[in-house]
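Structure file target.pdb with PDB, C-alpha atoms and all ligand atoms:
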```
ATOM      1  CA  MET A   1     138.962 -88.266  57.540
ATOM      2  CA  GLN A   2     142.723 -88.223  57.483
ATOM      3  CA  HIS A   3     145.475 -85.867  56.361
ATOM      4  CA  ILE A   4     148.138 -87.912  54.583
ATOM      5  CA  PRO A   5     151.509 -86.133  54.779
ATOM      6  CA  VAL A   6     152.868 -85.417  51.303
ATOM      7  CA  LEU A   7     156.372 -86.588  50.222
ATOM      8  CA  LEU A   8     157.005 -87.811  53.778
ATOM      9  CA  ASN A   9     159.960 -90.137  53.072
ATOM     10  CA  GLU A  10     161.557 -87.616  50.733
ATOM     11  CA  VAL A  11     161.292 -84.856  53.361
ATOM     12  CA  ILE A  12     162.835 -87.064  56.049
ATOM     13  CA  LYS A  13     165.637 -88.141  53.733
ATOM     14  CA  SER A  14     166.361 -84.569  52.660
ATOM     15  CA  LEU A  15     166.465 -83.302  56.273
ATOM     16  CA  ASN A  16     169.192 -85.840  57.105
ATOM     17  CA  ILE A  17     168.078 -85.722  60.741
ATOM     18  CA  GLU A  18     170.653 -85.282  63.476
ATOM     19  CA  LYS A  19     169.306 -87.164  66.506
ATOM     20  CA  ASN A  20     170.053 -84.410  69.031
ATOM     21  CA  GLY A  21     169.054 -81.638  66.633
ATOM     22  CA  ILE A  22     166.428 -78.897  66.790
ATOM     23  CA  TYR A  23     163.960 -78.825  63.889
ATOM     24  CA  ILE A  24     161.171 -76.480  62.868
ATOM     25  CA  ASP A  25     157.924 -77.567  61.296
ATOM     26  CA  GLY A  26     156.515 -74.226  60.131
ATOM     27  CA  THR A  27     153.249 -75.753  58.912
ATOM     28  CA  PHE A  28     152.344 -78.255  61.620
ATOM     29  CA  GLY A  29     148.842 -79.073  60.274
ATOM     30  CA  ASN A  30     147.952 -82.534  61.508
ATOM     31  CA  GLY A  31     151.545 -83.102  62.602
ATOM     32  CA  GLY A  32     152.311 -85.672  59.895
ATOM     33  CA  HIS A  33     155.852 -84.452  59.213
ATOM     34  CA  THR A  34     156.503 -83.528  62.859
ATOM     35  CA  LYS A  35     155.565 -86.986  64.154
ATOM     36  CA  GLU A  36     157.932 -88.605  61.669
ATOM     37  CA  ILE A  37     160.807 -86.249  62.570
ATOM     38  CA  LEU A  38     160.242 -87.030  66.268
ATOM     39  CA  LYS A  39     160.825 -90.735  65.515
ATOM     40  CA  TYR A  40     164.409 -89.929  64.505
ATOM     41  CA  LEU A  41     165.197 -87.702  67.501
ATOM     42  CA  SER A  42     166.705 -88.697  70.847
ATOM     43  CA  SER A  43     165.347 -87.320  74.120
ATOM     44  CA  ASN A  44     167.629 -84.287  73.574
ATOM     45  CA  GLY A  45     166.178 -83.432  70.156
ATOM     46  CA  ARG A  46     163.392 -80.875  69.724
ATOM     47  CA  VAL A  47     160.724 -79.906  67.208
ATOM     48  CA  LEU A  48     159.252 -76.412  67.222
ATOM     49  CA  GLY A  49     155.886 -76.627  65.463
ATOM     50  CA  PHE A  50     153.969 -73.635  64.121
ATOM     51  CA  ASP A  51     150.475 -73.335  62.716
ATOM     52  CA  ARG A  52     148.359 -70.226  62.344
ATOM     53  CA  ASP A  53     145.170 -72.288  62.506
ATOM     54  CA  PRO A  54     143.830 -72.452  66.089
ATOM     55  CA  LEU A  55     142.158 -75.822  65.366
ATOM     56  CA  ALA A  56     145.414 -77.400  64.127
ATOM     57  CA  PHE A  57     147.146 -76.027  67.226
ATOM     58  CA  LYS A  58     144.431 -77.355  69.531
ATOM     59  CA  SER A  59     144.586 -80.871  68.125
ATOM     60  CA  GLY A  60     148.422 -80.770  68.134
ATOM     61  CA  LYS A  61     148.380 -79.916  71.829
ATOM     62  CA  LYS A  62     146.989 -83.398  72.470
ATOM     63  CA  ILE A  63     150.317 -84.929  71.411
ATOM     64  CA  ASN A  64     152.053 -85.969  74.583
ATOM     65  CA  ASP A  65     155.731 -85.470  73.785
ATOM     66  CA  SER A  66     157.941 -83.130  75.780
ATOM     67  CA  ARG A  67     160.296 -82.755  72.779
ATOM     68  CA  LEU A  68     157.562 -80.915  70.855
ATOM     69  CA  LEU A  69     156.929 -77.199  71.410
ATOM     70  CA  LEU A  70     153.840 -75.907  69.615
ATOM     71  CA  PHE A  71     153.004 -72.318  68.712
ATOM     72  CA  ASN A  72     149.777 -70.913  67.293
ATOM     73  CA  ASP A  73     151.239 -68.279  65.012
ATOM     74  CA  VAL A  74     152.196 -67.505  61.429
ATOM     75  CA  PHE A  75     155.607 -68.743  60.348
ATOM     76  CA  SER A  76     156.666 -65.198  59.452
ATOM     77  CA  ASN A  77     156.840 -64.636  63.243
ATOM     78  CA  ILE A  78     159.255 -67.521  63.857
ATOM     79  CA  LEU A  79     162.247 -65.228  64.351
ATOM     80  CA  LYS A  80     160.518 -63.705  67.390
ATOM     81  CA  TYR A  81     160.388 -67.134  69.057
ATOM     82  CA  THR A  82     163.861 -68.320  68.073
ATOM     83  CA  THR A  83     165.265 -65.023  69.387
ATOM     84  CA  GLN A  84     163.413 -65.422  72.711
ATOM     85  CA  LEU A  85     164.648 -69.003  72.993
ATOM     86  CA  ASN A  86     168.187 -68.039  71.935
ATOM     87  CA  LEU A  87     168.021 -70.469  69.010
ATOM     88  CA  ASN A  88     169.098 -68.285  66.091
ATOM     89  CA  LYS A  89     171.640 -70.083  63.901
ATOM     90  CA  LYS A  90     171.084 -73.192  66.022
ATOM     91  CA  ILE A  91     168.264 -74.819  64.046
ATOM     92  CA  ASN A  92     169.247 -78.021  62.201
ATOM     93  CA  GLY A  93     166.472 -77.979  59.640
ATOM     94  CA  MET A  94     163.070 -76.614  58.727
ATOM     95  CA  ILE A  95     160.159 -78.067  56.788
ATOM     96  CA  LEU A  96     157.358 -76.006  55.281
ATOM     97  CA  ASP A  97     154.474 -77.908  53.732
ATOM     98  CA  LEU A  98     152.515 -75.006  52.271
ATOM     99  CA  GLY A  99     148.814 -74.653  51.645
ATOM    100  CA  LEU A 100     145.902 -76.315  53.347
ATOM    101  CA  SER A 101     145.431 -79.527  55.296
ATOM    102  CA  SER A 102     142.651 -81.966  54.426
ATOM    103  CA  PHE A 103     140.952 -80.966  57.688
ATOM    104  CA  GLN A 104     140.707 -77.378  56.527
ATOM    105  CA  ILE A 105     139.528 -78.217  53.002
ATOM    106  CA  LYS A 106     136.965 -80.772  54.103
ATOM    107  CA  ASN A 107     135.429 -78.667  56.869
ATOM    108  CA  SER A 108     132.605 -76.832  55.068
ATOM    109  CA  LYS A 109     132.412 -74.246  57.869
ATOM    110  CA  ARG A 110     135.860 -72.945  56.856
ATOM    111  CA  GLY A 111     134.717 -71.955  53.353
ATOM    112  CA  PHE A 112     137.803 -73.243  51.500
ATOM    113  CA  SER A 113     136.085 -75.714  49.222
ATOM    114  CA  PHE A 114     134.084 -74.992  46.094
ATOM    115  CA  GLN A 115     132.625 -78.471  46.435
ATOM    116  CA  LYS A 116     130.974 -77.837  49.796
ATOM    117  CA  ASN A 117     128.538 -75.113  50.673
ATOM    118  CA  GLY A 118     129.509 -73.007  53.650
ATOM    119  CA  PRO A 119     130.256 -69.489  54.813
ATOM    120  CA  LEU A 120     132.684 -67.721  52.460
ATOM    121  CA  ASP A 121     135.485 -67.362  54.999
ATOM    122  CA  MET A 122     138.803 -68.935  53.807
ATOM    123  CA  ARG A 123     140.901 -67.623  56.708
ATOM    124  CA  MET A 124     143.477 -70.064  58.046
ATOM    125  CA  ASN A 125     142.975 -68.265  61.340
ATOM    126  CA  PRO A 126     139.265 -67.391  61.517
ATOM    127  CA  LEU A 127     139.849 -65.461  64.749
ATOM    128  CA  LEU A 128     141.871 -62.738  63.011
ATOM    129  CA  GLY A 129     140.938 -60.151  60.397
ATOM    130  CA  PHE A 130     138.004 -60.254  57.998
ATOM    131  CA  SER A 131     136.396 -63.191  56.230
ATOM    132  CA  LEU A 132     136.601 -63.360  52.441
ATOM    133  CA  SER A 133     132.915 -62.483  52.250
ATOM    134  CA  GLN A 134     133.586 -59.239  54.156
ATOM    135  CA  LYS A 135     136.792 -58.443  52.262
ATOM    136  CA  LEU A 136     135.109 -58.889  48.886
ATOM    137  CA  ASN A 137     132.757 -56.034  49.737
ATOM    138  CA  PHE A 138     135.669 -53.597  49.917
ATOM    139  CA  LEU A 139     137.653 -54.824  46.915
ATOM    140  CA  LYS A 140     137.452 -52.700  43.788
ATOM    141  CA  GLU A 141     136.725 -54.548  40.537
ATOM    142  CA  GLU A 142     140.142 -53.828  39.061
ATOM    143  CA  LYS A 143     142.043 -55.023  42.140
ATOM    144  CA  LEU A 144     139.893 -58.150  42.314
ATOM    145  CA  SER A 145     140.595 -58.915  38.688
ATOM    146  CA  LYS A 146     144.349 -58.514  39.307
ATOM    147  CA  ILE A 147     144.210 -60.894  42.279
ATOM    148  CA  LEU A 148     142.482 -63.570  40.180
ATOM    149  CA  LYS A 149     144.951 -63.118  37.350
ATOM    150  CA  ASN A 150     148.160 -62.874  39.380
ATOM    151  CA  PHE A 151     147.506 -65.456  42.090
ATOM    152  CA  GLY A 152     145.263 -67.880  40.184
ATOM    153  CA  ASN A 153     146.354 -67.414  36.583
ATOM    154  CA  GLU A 154     142.663 -67.070  35.802
ATOM    155  CA  LYS A 155     142.035 -66.366  32.137
ATOM    156  CA  TYR A 156     138.531 -65.056  32.826
ATOM    157  CA  ALA A 157     139.615 -62.796  35.723
ATOM    158  CA  LYS A 158     138.053 -59.617  34.323
ATOM    159  CA  LYS A 159     134.691 -61.208  33.647
ATOM    160  CA  ILE A 160     134.542 -62.947  37.027
ATOM    161  CA  ALA A 161     135.436 -59.695  38.827
ATOM    162  CA  PHE A 162     132.772 -57.843  36.848
ATOM    163  CA  LEU A 163     130.078 -60.404  37.698
ATOM    164  CA  ILE A 164     131.060 -60.480  41.374
ATOM    165  CA  LYS A 165     130.696 -56.709  41.615
ATOM    166  CA  LYS A 166     127.399 -56.812  39.696
ATOM    167  CA  TYR A 167     126.026 -59.451  42.092
ATOM    168  CA  GLN A 168     127.139 -57.406  45.099
ATOM    169  CA  LYS A 169     124.979 -54.487  43.984
ATOM    170  CA  LYS A 170     122.020 -56.699  44.957
ATOM    171  CA  LYS A 171     123.460 -58.505  47.977
ATOM    172  CA  PRO A 172     126.765 -59.528  49.579
ATOM    173  CA  ILE A 173     128.186 -62.950  48.676
ATOM    174  CA  LEU A 174     127.842 -64.951  51.859
ATOM    175  CA  THR A 175     128.433 -68.554  50.810
ATOM    176  CA  THR A 176     130.881 -70.606  48.746
ATOM    177  CA  PHE A 177     128.118 -71.874  46.467
ATOM    178  CA  GLU A 178     126.955 -68.306  45.692
ATOM    179  CA  LEU A 179     130.486 -67.552  44.514
ATOM    180  CA  VAL A 180     130.709 -70.791  42.505
ATOM    181  CA  LYS A 181     127.448 -69.893  40.759
ATOM    182  CA  ILE A 182     128.796 -66.489  39.746
ATOM    183  CA  ILE A 183     132.065 -67.985  38.455
ATOM    184  CA  LYS A 184     130.156 -70.541  36.386
ATOM    185  CA  GLN A 185     128.406 -67.705  34.574
ATOM    186  CA  ALA A 186     131.776 -66.185  33.649
ATOM    187  CA  VAL A 187     133.732 -69.254  32.615
ATOM    188  CA  PRO A 188     132.612 -71.167  29.523
ATOM    189  CA  LEU A 189     131.812 -74.804  30.281
ATOM    190  CA  LYS A 190     134.128 -76.061  27.572
ATOM    191  CA  TYR A 191     137.000 -74.591  29.584
ATOM    192  CA  PRO A 192     139.175 -77.623  30.257
ATOM    193  CA  PHE A 193     139.386 -77.410  34.056
ATOM    194  CA  LYS A 194     137.479 -79.821  36.208
ATOM    195  CA  ASN A 195     135.736 -77.121  38.146
ATOM    196  CA  PRO A 196     135.706 -73.566  36.795
ATOM    197  CA  ALA A 197     135.980 -72.265  40.378
ATOM    198  CA  THR A 198     139.392 -73.897  41.036
ATOM    199  CA  ARG A 199     141.540 -70.932  40.075
ATOM    200  CA  THR A 200     139.379 -68.243  41.636
ATOM    201  CA  PHE A 201     139.235 -70.114  44.950
ATOM    202  CA  LEU A 202     143.014 -70.583  44.939
ATOM    203  CA  ALA A 203     143.655 -66.919  44.137
ATOM    204  CA  LEU A 204     141.287 -65.618  46.799
ATOM    205  CA  ARG A 205     142.709 -67.985  49.421
ATOM    206  CA  ILE A 206     146.247 -66.821  48.650
ATOM    207  CA  TYR A 207     145.050 -63.221  48.874
ATOM    208  CA  ILE A 208     143.069 -63.482  52.105
ATOM    209  CA  ASN A 209     145.873 -65.322  53.907
ATOM    210  CA  GLN A 210     148.684 -63.236  52.348
ATOM    211  CA  GLU A 211     150.366 -66.535  51.500
ATOM    212  CA  LEU A 212     153.013 -65.239  49.094
ATOM    213  CA  LYS A 213     154.067 -62.475  51.497
ATOM    214  CA  GLU A 214     154.333 -65.060  54.262
ATOM    215  CA  LEU A 215     156.511 -67.250  52.052
ATOM    216  CA  LYS A 216     158.877 -64.433  51.059
ATOM    217  CA  LYS A 217     159.305 -63.459  54.713
ATOM    218  CA  ILE A 218     160.079 -66.966  55.970
ATOM    219  CA  LEU A 219     162.620 -67.564  53.207
ATOM    220  CA  ASN A 220     164.645 -64.568  54.380
ATOM    221  CA  ILE A 221     164.161 -65.520  58.032
ATOM    222  CA  SER A 222     165.456 -69.033  57.329
ATOM    223  CA  LEU A 223     168.940 -67.606  56.676
ATOM    224  CA  LYS A 224     168.924 -66.050  60.140
ATOM    225  CA  ILE A 225     167.746 -69.053  62.113
ATOM    226  CA  LEU A 226     169.218 -72.104  60.355
ATOM    227  CA  LYS A 227     172.760 -73.133  61.244
ATOM    228  CA  PRO A 228     175.451 -73.873  58.648
ATOM    229  CA  GLY A 229     174.827 -77.323  57.188
ATOM    230  CA  ALA A 230     171.093 -77.158  58.025
ATOM    231  CA  ILE A 231     168.473 -78.134  55.456
ATOM    232  CA  LEU A 232     165.566 -75.984  54.347
ATOM    233  CA  ALA A 233     162.852 -78.149  52.775
ATOM    234  CA  ILE A 234     159.710 -76.652  51.238
ATOM    235  CA  ILE A 235     156.739 -78.331  49.601
ATOM    236  CA  SER A 236     154.637 -76.067  47.413
ATOM    237  CA  PHE A 237     151.455 -76.738  45.479
ATOM    238  CA  ASN A 238     151.187 -73.980  42.918
ATOM    239  CA  SER A 239     153.387 -72.206  40.400
ATOM    240  CA  SER A 240     153.406 -68.797  42.157
ATOM    241  CA  GLU A 241     154.853 -70.342  45.313
ATOM    242  CA  ASP A 242     157.294 -72.570  43.474
ATOM    243  CA  ARG A 243     158.638 -69.638  41.437
ATOM    244  CA  ILE A 244     159.364 -67.653  44.617
ATOM    245  CA  ILE A 245     161.215 -70.610  46.187
ATOM    246  CA  LYS A 246     163.178 -71.405  43.044
ATOM    247  CA  ASN A 247     164.250 -67.773  42.598
ATOM    248  CA  PHE A 248     165.237 -67.470  46.247
ATOM    249  CA  PHE A 249     167.401 -70.600  46.027
ATOM    250  CA  LYS A 250     168.968 -69.420  42.787
ATOM    251  CA  LYS A 251     169.670 -65.902  44.053
ATOM    252  CA  ASN A 252     171.264 -67.116  47.264
ATOM    253  CA  SER A 253     173.384 -69.785  45.684
ATOM    254  CA  SER A 254     175.079 -67.601  43.112
ATOM    255  CA  ILE A 255     178.646 -66.429  43.377
ATOM    256  CA  ILE A 256     179.633 -62.885  42.418
ATOM    257  CA  LYS A 257     181.461 -62.937  39.105
ATOM    258  CA  VAL A 258     184.870 -61.297  39.294
ATOM    259  CA  PRO A 259     186.237 -59.960  35.972
ATOM    260  CA  MET A 260     189.138 -62.015  34.609
ATOM    261  CA  GLY A 261     192.539 -60.836  35.770
ATOM    262  CA  LEU A 262     191.205 -58.836  38.743
ATOM    263  CA  PRO A 263     193.447 -59.635  41.714
ATOM    264  CA  ILE A 264     191.265 -60.926  44.548
ATOM    265  CA  THR A 265     192.066 -63.246  47.440
ATOM    266  CA  GLU A 266     189.914 -66.239  48.284
ATOM    267  CA  THR A 267     188.912 -64.664  51.628
ATOM    268  CA  GLU A 268     187.848 -61.485  49.879
ATOM    269  CA  LEU A 269     185.896 -63.492  47.330
ATOM    270  CA  LYS A 270     184.093 -65.379  50.110
ATOM    271  CA  LYS A 271     183.244 -62.101  51.856
ATOM    272  CA  ARG A 272     181.833 -60.627  48.649
ATOM    273  CA  SER A 273     180.020 -63.801  47.655
ATOM    274  CA  LYS A 274     176.236 -63.829  47.712
ATOM    275  CA  LYS A 275     176.318 -67.563  48.196
ATOM    276  CA  LYS A 276     174.339 -68.482  51.291
ATOM    277  CA  ILE A 277     172.955 -71.849  50.228
ATOM    278  CA  GLU A 278     174.046 -74.720  48.031
ATOM    279  CA  ASN A 279     173.012 -78.096  46.644
ATOM    280  CA  PHE A 280     169.423 -77.268  45.984
ATOM    281  CA  LYS A 281     167.286 -80.055  44.613
ATOM    282  CA  LYS A 282     163.768 -80.593  43.364
ATOM    283  CA  ILE A 283     161.641 -83.714  43.922
ATOM    284  CA  LYS A 284     158.144 -84.589  42.750
ATOM    285  CA  PRO A 285     155.875 -87.331  44.102
ATOM    286  CA  THR A 286     156.006 -90.745  42.480
ATOM    287  CA  LYS A 287     153.073 -92.119  40.479
ATOM    288  CA  LYS A 288     152.458 -94.496  43.382
ATOM    289  CA  GLU A 289     152.094 -91.612  45.851
ATOM    290  CA  ILE A 290     149.806 -89.685  43.488
ATOM    291  CA  ASN A 291     147.606 -92.777  43.143
ATOM    292  CA  THR A 292     147.211 -93.153  46.902
ATOM    293  CA  ASN A 293     147.046 -89.430  47.708
ATOM    294  CA  LYS A 294     145.491 -87.286  44.978
ATOM    295  CA  LYS A 295     146.380 -84.098  46.866
ATOM    296  CA  SER A 296     150.077 -84.779  46.218
ATOM    297  CA  ARG A 297     149.778 -84.514  42.417
ATOM    298  CA  SER A 298     150.774 -80.847  42.244
ATOM    299  CA  ALA A 299     153.377 -81.018  45.034
ATOM    300  CA  ILE A 300     156.991 -79.993  44.474
ATOM    301  CA  LEU A 301     159.604 -80.426  47.181
ATOM    302  CA  ARG A 302     162.638 -78.155  46.945
ATOM    303  CA  PHE A 303     165.394 -78.339  49.500
ATOM    304  CA  ALA A 304     168.769 -76.741  49.980
ATOM    305  CA  LYS A 305     171.695 -76.723  52.368
ATOM    306  CA  ILE A 306     172.537 -73.577  54.320
ATOM    307  CA  LEU A 307     176.154 -72.490  54.188
TER     308      LEU A 307
HETATM  309  C1  LIG B   1     149.487 -78.778  54.084
HETATM  310  S1  LIG B   1     149.137 -78.425  55.747
HETATM  311  C2  LIG B   1     150.458 -79.161  56.616
HETATM  312  C3  LIG B   1     150.248 -80.591  56.902
HETATM  313  C4  LIG B   1     151.314 -81.219  57.759
HETATM  314  N1  LIG B   1     152.608 -81.177  57.124
HETATM  315  C5  LIG B   1     150.948 -82.657  58.046
HETATM  316  O1  LIG B   1     151.559 -83.565  57.482
HETATM  317  O2  LIG B   1     150.037 -82.878  58.846
HETATM  318  C6  LIG B   1     149.529 -76.751  55.899
HETATM  319  C7  LIG B   1     149.292 -76.177  57.280
HETATM  320  O3  LIG B   1     150.072 -74.988  57.377
HETATM  321  C8  LIG B   1     149.334 -73.977  57.986
HETATM  322  N2  LIG B   1     149.858 -72.724  57.452
HETATM  323  C9  LIG B   1     149.800 -72.274  56.178
HETATM  324  N3  LIG B   1     150.412 -71.091  56.067
HETATM  325  C10 LIG B   1     150.913 -70.801  57.295
HETATM  326  C11 LIG B   1     151.664 -69.710  57.832
HETATM  327  N4  LIG B   1     152.008 -68.682  57.072
HETATM  328  N5  LIG B   1     152.023 -69.761  59.125
HETATM  329  C12 LIG B   1     151.667 -70.809  59.906
HETATM  330  N6  LIG B   1     150.930 -71.847  59.468
HETATM  331  C13 LIG B   1     150.556 -71.841  58.188
HETATM  332  C14 LIG B   1     147.896 -74.247  57.617
HETATM  333  O4  LIG B   1     147.033 -73.711  58.586
HETATM  334  C15 LIG B   1     147.864 -75.777  57.571
HETATM  335  O5  LIG B   1     147.448 -76.311  58.796
END
```
Once you've parsed the file, please lay out its structure as structure tokens.
Ligand SMILES: C[S@@+](CC[C@H](N)C(=O)[O-])C[C@H]1O[C@@H](n2cnc3c(N)ncnc32)[C@H](O)[C@@H]1O
Amino acid sequence: MQHIPVLLNEVIKSLNIEKNGIYIDGTFGNGGHTKEILKYLSSNGRVLGFDRDPLAFKSGKKINDSRLLLFNDVFSNILKYTTQLNLNKKINGMILDLGLSSFQIKNSKRGFSFQKNGPLDMRMNPLLGFSLSQKLNFLKEEKLSKILKNFGNEKYAKKIAFLIKKYQKKKPILTTFELVKIIKQAVPLKYPFKNPATRTFLALRIYINQELKELKKILNISLKILKPGAILAIISFNSSEDRIIKNFFKKNSSIIKVPMGLPITETELKKRSKKKIENFKKIKPTKKEINTNKKSRSAILRFAKIL
């Protein structure tokens, strides 16, 4: 089994790597993007890698490269580390490759996949908090339905939530296949998605790992840690994430409109400007990449330059 890094060349090109620079890989995973960045760095360059998954961290620790500093933490805590290391506003670029690695999806014990039976866990860090199976016991039907609708765009959210709660009156849902079975009762087979559990699994994973909150936090943090001219590159895999990134880039690249005729100096305008980033771009994988790596089909890379 292998995790093929998505949009690798595009990420490297967008980062425009400075050989003595300091880079952050906020989603280290199997180190695919990190290893490539390291190839472009001199002995003075550094990569700070973060992953909340203890298994990703453990396997990353085997990489023997003194230029790589690895941390087992969520990326919303990055500011804590850059402050300790006195690196705020000194980072040359950051890559975030959101979502799950192939190792996480394919390991049935992690409970991420609706195609493999395993404990219904879905935590990126199984050592912290409650598993999805436990959390589901406390979720009210209405809240559950909202999660499925808002995070997964699930048309049958209400019915799925109702059937989950009905099932739980008899017993807790302990495995992925128990959940898949319940979803299949709620979603008509003619529904055009490959597996009717796709959207529910995505929504519950986003919920249990607080993925959208994490994303919003790191976007704001990026403005505090990246230096002027640095590149922020983010790969997302679903519309909720992409919308947050797009809106953040838009909001922070707009200039305050001054009414015609109002006397204002250029310095004053700069001071009042909301513009913190510029040149944001969007890239999707080529057909060739999608053919060799199916996982890349929903990927969108957005990157921008910090001012
Ligand atoms: C798609 S994989 C990254 C793969 C990596 N770019 C590579 O090429 O090997 C995403 C990784 O980010 C981690 N992750 C997701 N959200 C995170 C967060 N908020 N903080 C830290 N790590 C996170 C996951 O545990 C997973 O290992």
Let me have all residues with an atom within 9 Å of ligand LIG 1 (chain B), counting only C-alpha atoms and all ligand atoms, laid out as a ChimeraX atom specification.
/A:3-6,8,25-35,50-57,72-78,95-104,123-125,209-215,218,235-236
With all atoms listed in the file as the counted atoms, please give the residues lying no more than 9 Å from A:Leu202, apart from itself and same-chain residues fewer than 6 positions off, as a PyMOL selection string.
chain A and resi 112+148+151-152
Write out, as a PDB file, in the coordinates of the input, the residues just selected, with C-alpha atoms.
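Output (out_3.pdb):
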```pdb
ATOM      1  CA  PHE A 112     137.803 -73.243  51.500  1.00  0.00           C
ATOM      2  CA  LEU A 148     142.482 -63.570  40.180  1.00  0.00           C
ATOM      3  CA  PHE A 151     147.506 -65.456  42.090  1.00  0.00           C
ATOM      4  CA  GLY A 152     145.263 -67.880  40.184  1.00  0.00           C
TER       5      GLY A 152
END
```
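Residue selection for this entry, given the PyMOL selection byres (((chain A and resi 239) around 10) and not hetatm), comprises Phe151, Gly152, Asn153, Ser236, Phe237, Asn238, Ser240, Glu241, Asp242, Arg243, Ile244, Ile245, Ser298, Ala299 and Ile300 of chain A.
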**Asked** Suppose you want the space between atom CA of A:Lys288 and atom CA of A:Ser59; what is it in Å?
**Response**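 A separation of 29.3 Å between them.
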Next item on the list: Show which residues sit within 9 Å of A:Phe249, as a ChimeraX atom specification. Count all atoms listed in the file, and ignore same-chain residues fewer than 5 positions away.
Entry: /A:244,254,276-278,280,302-304
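Residue nearest A:Tyr167 within the list A:Val187, A:Leu136, A:Val258, A:Ile37: A:Leu136 [criterion: smallest interatomic distance, all atoms listed in the file].
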*List the residues selected by the PyMOL selection byres (((chain A and resi 46) around 9) and not hetatm) in the file shown, writing them as JSON, numbers by chain.*
{"A": [20, 21, 22, 23, 24, 38, 41, 42, 43, 44, 45, 47, 48, 66, 67, 68, 69]}
Handout entry: Point-to-point distance from atom CA of A:Asn92 to atom CA of A:Lys62, Å rounded to tenths
Key =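 Interatomic distance, atom CA of A:Asn92 to atom CA of A:Lys62: 25.1 Å.
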Item to complete: Name all residues at most 8 Å from A:Ser14 (count all atoms listed in the file; drop same-chain ones fewer than 4 positions away) and give them as a ChimeraX atom specification.
Response: /A:10,231,233,303
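Note that atom CA of A:Ile208 and atom CA of A:Asn150 are 13.7 Å apart.
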**Request:** Run through the PyMOL selection byres (((chain A and resi 172) around 12) and not hetatm) on the given coordinates and return the selected residues as a list in words.
**Result:**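 Checked against the file, the PyMOL selection byres (((chain A and resi 172) around 12) and not hetatm) matches Pro119, Leu120, Leu132, Ser133, Gln134, Lys135, Leu136, Asn137, Phe138, Ile164, Lys165, Lys166, Tyr167, Gln168, Lys169, Lys170, Lys171, Ile173, Leu174, Thr175, Thr176, Glu178 and Leu179 of chain A.
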Model the absent atoms of stretch 88-100 of chain A so that N, CA and C atoms are present, and write the result as an mmCIF file, keeping the file's coordinate frame.
```cif
data_model
loop_
_atom_site.group_PDB
_atom_site.id
_atom_site.type_symbol
_atom_site.label_atom_id
_atom_site.label_comp_id
_atom_site.auth_asym_id
_atom_site.auth_seq_id
_atom_site.Cartn_x
_atom_site.Cartn_y
_atom_site.Cartn_z
ATOM 1 N N ASN A 88 168.711 -68.719 67.443
ATOM 2 C CA ASN A 88 169.098 -68.285 66.091
ATOM 3 C C ASN A 88 170.425 -68.904 65.684
ATOM 4 N N LYS A 89 170.457 -69.392 64.459
ATOM 5 C CA LYS A 89 171.640 -70.083 63.901
ATOM 6 C C LYS A 89 171.929 -71.404 64.620
ATOM 7 N N LYS A 90 170.885 -71.910 65.327
ATOM 8 C CA LYS A 90 171.084 -73.192 66.022
ATOM 9 C C LYS A 90 170.096 -74.251 65.522
ATOM 10 N N ILE A 91 169.291 -73.889 64.534
ATOM 11 C CA ILE A 91 168.264 -74.819 64.046
ATOM 12 C C ILE A 91 168.867 -75.742 62.973
ATOM 13 N N ASN A 92 168.637 -77.045 63.124
ATOM 14 C CA ASN A 92 169.247 -78.021 62.201
ATOM 15 C C ASN A 92 168.484 -78.219 60.891
ATOM 16 N N GLY A 93 167.236 -77.804 60.879
ATOM 17 C CA GLY A 93 166.472 -77.979 59.640
ATOM 18 C C GLY A 93 165.059 -77.463 59.802
ATOM 19 N N MET A 94 164.455 -77.120 58.668
ATOM 20 C CA MET A 94 163.070 -76.614 58.727
ATOM 21 C C MET A 94 162.279 -77.187 57.549
ATOM 22 N N ILE A 95 161.069 -77.624 57.855
ATOM 23 C CA ILE A 95 160.159 -78.067 56.788
ATOM 24 C C ILE A 95 158.955 -77.129 56.730
ATOM 25 N N LEU A 96 158.595 -76.762 55.510
ATOM 26 C CA LEU A 96 157.358 -76.006 55.281
ATOM 27 C C LEU A 96 156.557 -76.789 54.256
ATOM 28 N N ASP A 97 155.366 -77.158 54.629
ATOM 29 C CA ASP A 97 154.474 -77.908 53.732
ATOM 30 C C ASP A 97 153.292 -76.966 53.491
ATOM 31 N N LEU A 98 153.409 -76.158 52.438
ATOM 32 C CA LEU A 98 152.515 -75.006 52.271
ATOM 33 C C LEU A 98 151.066 -75.402 51.949
ATOM 34 N N GLY A 99 150.202 -74.426 52.059
ATOM 35 C CA GLY A 99 148.814 -74.653 51.645
ATOM 36 C C GLY A 99 147.926 -75.119 52.776
ATOM 37 N N LEU A 100 146.938 -75.922 52.392
ATOM 38 C CA LEU A 100 145.902 -76.315 53.347
ATOM 39 C C LEU A 100 146.007 -77.783 53.726
#
```
